[in-house]
Amino acid sequence: GIEACIFDLDGVIVDTAIYHYKAWKRLANELGADFTETQNEKLKGISRVRSLELILEWGGISKTADEQAVLATRKNDWYVDMINRMTPDEILPGARELLESIRAAGIKTALGSASKNAAVILEKVGLLPLFDVLVDGNSVSSSKPDPEVFLKGAAALHAAPAKCIVFEDAIAGIEAAKAGGMKVVGVGEQAVLQGADLVVGSLEEINIQTLQQL
Ligand code: G6P
Ligand code: MG
């Protein structure tokens with residue numbers, strides 16, 4: 001049976017992708033660069049530092065390491081302003097119900113996110129109590145598509161990777177789960193999330209039975 005379910009945060013549990021997008025776009029535009037939704041898609045699941053590097057690269061802009069640190073902080077300050085105003089209304093459809101039914105079935109839950117703001121977000125939307133373990137951007141050294149974040153979650157829950165199910169909205173995250181030998185449910189569009197064992201438009205479409213059949 002399933003030993004653990006590991007959830008990505010941004011785009012799976014809550015729609016913070018829009019806040020990341022707004023903050024990066026504001027920064028890119030201030031630097032005189034463009035920032036499209038297609039580019040934003042490539043940043044999903046990617047760490048803050050790496051995201052900035054890519055935005056600078058796309059804009060043909062070069063900045064020193066010190067300047068990059070200032071810019072990343074600036075983006076994060078805007079982002080934190082937005083997430084500090086989040087409420088439970090922003091939980092994506094089906095997320096709370098699925099987490100509750102997984103726990104009711106005796107299966108452990110972990111968060112596996114690249115975000116350093118993960119705990120604040122879960123606290124704001126009231127979902128912190130539904131996670132047994134949080135593995136986030138503060139506790140990993142390699143980011144997705146490296147499987148570290150998910151393997152750490154599995155290890156903390158004493159779960160075998162092959163008996164873990166990961167929920168992801170990002171291509172990098174699906175690759176990470178697969179690299180870790182886990183099953184993965186993609187949340188989003190089939191055309192974007194090829195490689196997932198199952199793709200759903202939202203977590204409302206799945207229940208424990210669906211997961212047990214994976
Ligand atoms: C998630 C998001 C990314 C974000 C990353 C780091 O993976 O999908 O867009 O860049 O977390 O988030 P942070 O809150 O630490 O800047
Ligand atoms: Mg995500």
# chains A, B, ... in the order shown; residues from 1 in each chain; ligands from 1
$ residues_around --residues "Leu157 of chain A" --least-positions-apart "6" --cutoff "10 Å" --atoms "only C-alpha atoms" --output "list in words"
Glu3, Ala4, Cys5, Ile107, Lys108, Thr109, Ala110, Asp132, Val133 and Leu151 of chain A
$ write_last_selection --atoms "C-alpha atoms" --output "CSV table (one decimal), in the first residue's frame"
chain,number,residue,atom,x,y,z
A,3,GLU,CA,3.2,4.7,2.8
A,4,ALA,CA,3.3,8.5,2.2
A,5,CYS,CA,2.0,11.3,0.1
A,107,ILE,CA,-1.1,7.5,5.4
A,108,LYS,CA,1.5,10.0,6.3
A,109,THR,CA,1.8,13.4,4.6
A,110,ALA,CA,4.9,15.5,3.8
A,132,ASP,CA,3.5,15.3,9.4
A,133,VAL,CA,6.7,16.7,8.0
A,151,LEU,CA,13.7,11.7,-0.7
$ select_by_dssp --residues "segment 37-203 of chain A" --states "strand (DSSP E)" --output "compact mmCIF listing (two decimals) with N, CA and C atoms, in the first residue's frame"
# COMPACT_ATOMS: atom_id res chain seq x y z
N LYS A 108 0.82 8.82 5.90
CA LYS A 108 1.54 10.03 6.34
C LYS A 108 1.61 11.06 5.20
N THR A 109 1.75 12.31 5.60
CA THR A 109 1.85 13.39 4.60
C THR A 109 3.10 14.23 4.83
N ALA A 110 3.71 14.64 3.72
CA ALA A 110 4.86 15.55 3.81
C ALA A 110 4.69 16.66 2.79
N LEU A 111 5.29 17.79 3.09
CA LEU A 111 5.38 18.84 2.09
C LEU A 111 6.76 18.71 1.46
N GLY A 112 6.85 18.87 0.14
CA GLY A 112 8.13 18.82 -0.56
C GLY A 112 8.20 20.00 -1.50
N VAL A 133 5.33 16.25 8.16
CA VAL A 133 6.71 16.70 7.97
C VAL A 133 6.75 17.80 6.91
N LEU A 134 7.59 18.80 7.11
CA LEU A 134 7.80 19.83 6.08
C LEU A 134 9.24 19.76 5.59
N VAL A 135 9.41 19.56 4.29
CA VAL A 135 10.74 19.68 3.70
C VAL A 135 10.63 20.82 2.70
N CYS A 164 5.70 5.92 -2.24
CA CYS A 164 5.31 7.32 -2.03
C CYS A 164 4.63 7.84 -3.30
N ILE A 165 3.66 8.70 -3.09
CA ILE A 165 3.03 9.40 -4.21
C ILE A 165 3.29 10.88 -4.05
N VAL A 166 3.82 11.48 -5.12
CA VAL A 166 4.12 12.91 -5.14
C VAL A 166 3.05 13.63 -5.95
N PHE A 167 2.69 14.82 -5.50
CA PHE A 167 1.73 15.67 -6.22
C PHE A 167 2.45 16.92 -6.67
N GLU A 168 2.47 17.17 -7.97
CA GLU A 168 3.30 18.23 -8.55
C GLU A 168 2.62 18.97 -9.69
N LYS A 183 5.92 7.45 -7.42
CA LYS A 183 4.78 7.66 -8.32
C LYS A 183 4.44 9.14 -8.27
N VAL A 184 3.95 9.68 -9.40
CA VAL A 184 3.64 11.11 -9.38
C VAL A 184 2.34 11.44 -10.08
N VAL A 185 1.56 12.27 -9.38
CA VAL A 185 0.31 12.80 -9.94
C VAL A 185 0.60 14.23 -10.37
N GLY A 186 0.39 14.51 -11.64
CA GLY A 186 0.58 15.88 -12.14
C GLY A 186 -0.72 16.65 -11.97
N VAL A 187 -0.62 17.88 -11.51
CA VAL A 187 -1.81 18.72 -11.36
C VAL A 187 -1.68 19.85 -12.37
N LEU A 198 -0.23 10.03 -13.66
CA LEU A 198 -1.63 10.43 -13.83
C LEU A 198 -1.63 11.95 -13.83
N VAL A 199 -2.44 12.55 -14.71
CA VAL A 199 -2.55 14.02 -14.68
C VAL A 199 -4.00 14.37 -14.41
N VAL A 200 -4.21 15.27 -13.45
CA VAL A 200 -5.56 15.74 -13.15
C VAL A 200 -5.58 17.26 -13.26
$ residues_around --residues "Lys163 of chain A" --least-positions-apart "3" --cutoff "7 Å" --atoms "only C-alpha atoms" --output "compact mmCIF listing (two decimals) with N, CA and C atoms, in the first residue's frame"
# COMPACT_ATOMS: atom_id res chain seq x y z
N GLY A 1 0.82 -1.22 0.00
CA GLY A 1 0.00 0.00 0.00
C GLY A 1 0.85 1.26 0.00
N ILE A 2 0.16 2.36 -0.02
CA ILE A 2 0.83 3.67 -0.02
C ILE A 2 1.36 3.97 1.38
N GLU A 3 2.62 4.39 1.47
CA GLU A 3 3.18 4.71 2.79
C GLU A 3 3.19 6.21 3.08
N ALA A 4 3.32 7.00 2.02
CA ALA A 4 3.34 8.46 2.23
C ALA A 4 2.91 9.21 0.98
N ALA A 159 9.31 6.09 4.91
CA ALA A 159 8.55 5.49 3.82
C ALA A 159 9.50 5.10 2.68
N ALA A 160 9.20 3.96 2.04
CA ALA A 160 10.00 3.53 0.89
C ALA A 160 9.61 4.41 -0.31
N MET A 182 9.57 7.49 -7.33
CA MET A 182 8.22 7.61 -6.76
C MET A 182 7.15 7.67 -7.84
$ closest_atom_pairs --of "chain A" --to "ligand 2" --cutoff "7 Å" --atoms "only C-alpha atoms and all ligand atoms" --output "CSV"
residue,atom,partner,partner_atom_place_in_ligand_line,distance
A:Asp8,CA,ligand 2,1 (Mg),5.5
A:Leu9,CA,ligand 2,1 (Mg),5.6
A:Asp10,CA,ligand 2,1 (Mg),4.1
A:Gly11,CA,ligand 2,1 (Mg),4.6
A:Val12,CA,ligand 2,1 (Mg),6.0
A:Lys44,CA,ligand 2,1 (Mg),5.6
A:Gly45,CA,ligand 2,1 (Mg),5.0
A:Glu168,CA,ligand 2,1 (Mg),5.9
A:Asp169,CA,ligand 2,1 (Mg),4.9
A:Ala170,CA,ligand 2,1 (Mg),5.3
$ closest_residue --among "A:Gln190, A:Ser62, A:Asn29, A:Ser51" --to "ligand 1" --atoms "only C-alpha atoms and all ligand atoms"
A:Ser51
$ residues_near_ligand --ligand "ligand 1" --cutoff "10 Å" --atoms "only C-alpha atoms and all ligand atoms" --output "ChimeraX atom specification"
/A:8-12,15-21,24,40-52,72-73,75-77,79-80,83,112-121,136-138,143-144,168-170,172-173
$ closest_residue --among "A:Leu27, A:Glu100, A:Glu123, A:Ala105" --to "Val70 of chain A" --atoms "only C-alpha atoms"
A:Leu27
$ atom_distance --atom1 "atom CA of Thr210 of chain A" --atom2 "atom CA of Val149 of chain A"
24.4 Å
$ closest_residue --among "A:Pro93, A:Leu71, A:Ile6, A:Ile206" --to "Leu130 of chain A" --atoms "only C-alpha atoms"
A:Ile6
$ residues_around --residues "Pro145 of chain A" --least-positions-apart "5" --cutoff "8 Å" --atoms "only C-alpha atoms" --output "compact mmCIF listing (two decimals) with N, CA and C atoms, in the first residue's frame"
# COMPACT_ATOMS: atom_id res chain seq x y z
N ALA A 172 9.77 20.28 -13.56
CA ALA A 172 10.97 19.96 -12.75
C ALA A 172 10.60 19.05 -11.58
N GLY A 173 9.42 19.24 -11.02
CA GLY A 173 8.98 18.44 -9.88
C GLY A 173 8.63 17.02 -10.28
N ILE A 174 8.03 16.88 -11.45
CA ILE A 174 7.70 15.54 -11.94
C ILE A 174 8.98 14.76 -12.22
N GLU A 175 9.94 15.44 -12.80
CA GLU A 175 11.25 14.80 -13.05
C GLU A 175 11.90 14.40 -11.73
N ALA A 176 11.80 15.26 -10.73
CA ALA A 176 12.40 14.99 -9.42
C ALA A 176 11.76 13.74 -8.79
N ALA A 177 10.44 13.66 -8.84
CA ALA A 177 9.74 12.51 -8.25
C ALA A 177 10.14 11.22 -8.95
N ALA A 179 12.90 10.69 -10.64
CA ALA A 179 14.30 10.40 -10.32
C ALA A 179 14.43 9.76 -8.94
$ select_by_dssp --residues "segment 40-114 of chain A" --states "helix (DSSP H, G or I)" --output "NGL selection string"
:A and (40-43 or 48-58 or 65-83 or 88-90 or 95-104)
$ write_last_selection --atoms "C-alpha atoms" --output "PDB file, in the first residue's frame"
ATOM      1  CA  ASN A  40       7.079  31.853 -15.805  1.00  0.00           C
ATOM      2  CA  GLU A  41       6.121  28.244 -16.514  1.00  0.00           C
ATOM      3  CA  LYS A  42       9.827  27.396 -16.661  1.00  0.00           C
ATOM      4  CA  LEU A  43      10.347  28.852 -13.177  1.00  0.00           C
ATOM      5  CA  ARG A  48      14.605  31.743  -6.022  1.00  0.00           C
ATOM      6  CA  VAL A  49      18.292  32.162  -6.823  1.00  0.00           C
ATOM      7  CA  ARG A  50      18.114  30.026  -9.959  1.00  0.00           C
ATOM      8  CA  SER A  51      14.913  31.765 -11.101  1.00  0.00           C
ATOM      9  CA  LEU A  52      16.645  35.141 -10.953  1.00  0.00           C
ATOM     10  CA  GLU A  53      19.632  33.803 -12.892  1.00  0.00           C
ATOM     11  CA  LEU A  54      17.286  32.616 -15.638  1.00  0.00           C
ATOM     12  CA  ILE A  55      15.377  35.923 -15.785  1.00  0.00           C
ATOM     13  CA  LEU A  56      18.651  37.834 -16.102  1.00  0.00           C
ATOM     14  CA  GLU A  57      19.858  35.400 -18.757  1.00  0.00           C
ATOM     15  CA  TRP A  58      16.623  35.760 -20.782  1.00  0.00           C
ATOM     16  CA  ALA A  65      26.541  38.142  -7.106  1.00  0.00           C
ATOM     17  CA  ASP A  66      25.960  40.960  -4.595  1.00  0.00           C
ATOM     18  CA  GLU A  67      23.535  42.727  -6.918  1.00  0.00           C
ATOM     19  CA  GLN A  68      21.711  39.442  -7.499  1.00  0.00           C
ATOM     20  CA  ALA A  69      21.307  38.938  -3.768  1.00  0.00           C
ATOM     21  CA  VAL A  70      19.722  42.404  -3.469  1.00  0.00           C
ATOM     22  CA  LEU A  71      17.373  41.730  -6.405  1.00  0.00           C
ATOM     23  CA  ALA A  72      16.287  38.333  -5.049  1.00  0.00           C
ATOM     24  CA  THR A  73      15.507  39.932  -1.682  1.00  0.00           C
ATOM     25  CA  ARG A  74      13.530  42.681  -3.382  1.00  0.00           C
ATOM     26  CA  LYS A  75      11.398  40.164  -5.250  1.00  0.00           C
ATOM     27  CA  ASN A  76      10.901  38.165  -2.065  1.00  0.00           C
ATOM     28  CA  ASP A  77       9.803  41.232  -0.085  1.00  0.00           C
ATOM     29  CA  TRP A  78       7.028  41.881  -2.621  1.00  0.00           C
ATOM     30  CA  TYR A  79       6.113  38.212  -2.592  1.00  0.00           C
ATOM     31  CA  VAL A  80       5.996  38.063   1.221  1.00  0.00           C
ATOM     32  CA  ASP A  81       3.712  41.128   1.264  1.00  0.00           C
ATOM     33  CA  MET A  82       1.274  39.210  -0.918  1.00  0.00           C
ATOM     34  CA  ILE A  83       1.420  35.893   0.950  1.00  0.00           C
ATOM     35  CA  PRO A  88      -7.918  29.740   3.682  1.00  0.00           C
ATOM     36  CA  ASP A  89     -10.051  30.791   0.682  1.00  0.00           C
ATOM     37  CA  GLU A  90      -6.935  30.448  -1.431  1.00  0.00           C
ATOM     38  CA  ALA A  95      -6.572  20.016  -1.501  1.00  0.00           C
ATOM     39  CA  ARG A  96      -7.864  20.098   2.068  1.00  0.00           C
ATOM     40  CA  GLU A  97     -10.306  17.233   1.467  1.00  0.00           C
ATOM     41  CA  LEU A  98      -7.624  15.039  -0.104  1.00  0.00           C
ATOM     42  CA  LEU A  99      -5.152  15.727   2.721  1.00  0.00           C
ATOM     43  CA  GLU A 100      -7.823  14.882   5.289  1.00  0.00           C
ATOM     44  CA  SER A 101      -8.817  11.639   3.615  1.00  0.00           C
ATOM     45  CA  ILE A 102      -5.197  10.558   3.196  1.00  0.00           C
ATOM     46  CA  ARG A 103      -4.582  11.072   6.891  1.00  0.00           C
ATOM     47  CA  ALA A 104      -7.847   9.380   7.809  1.00  0.00           C
TER      48      ALA A 104
END
$ residues_around --residues "segment 34-38 of chain A" --least-positions-apart "6" --cutoff "7 Å" --atoms "only C-alpha atoms" --output "number ranges by chain"
A: 25, 28, 59
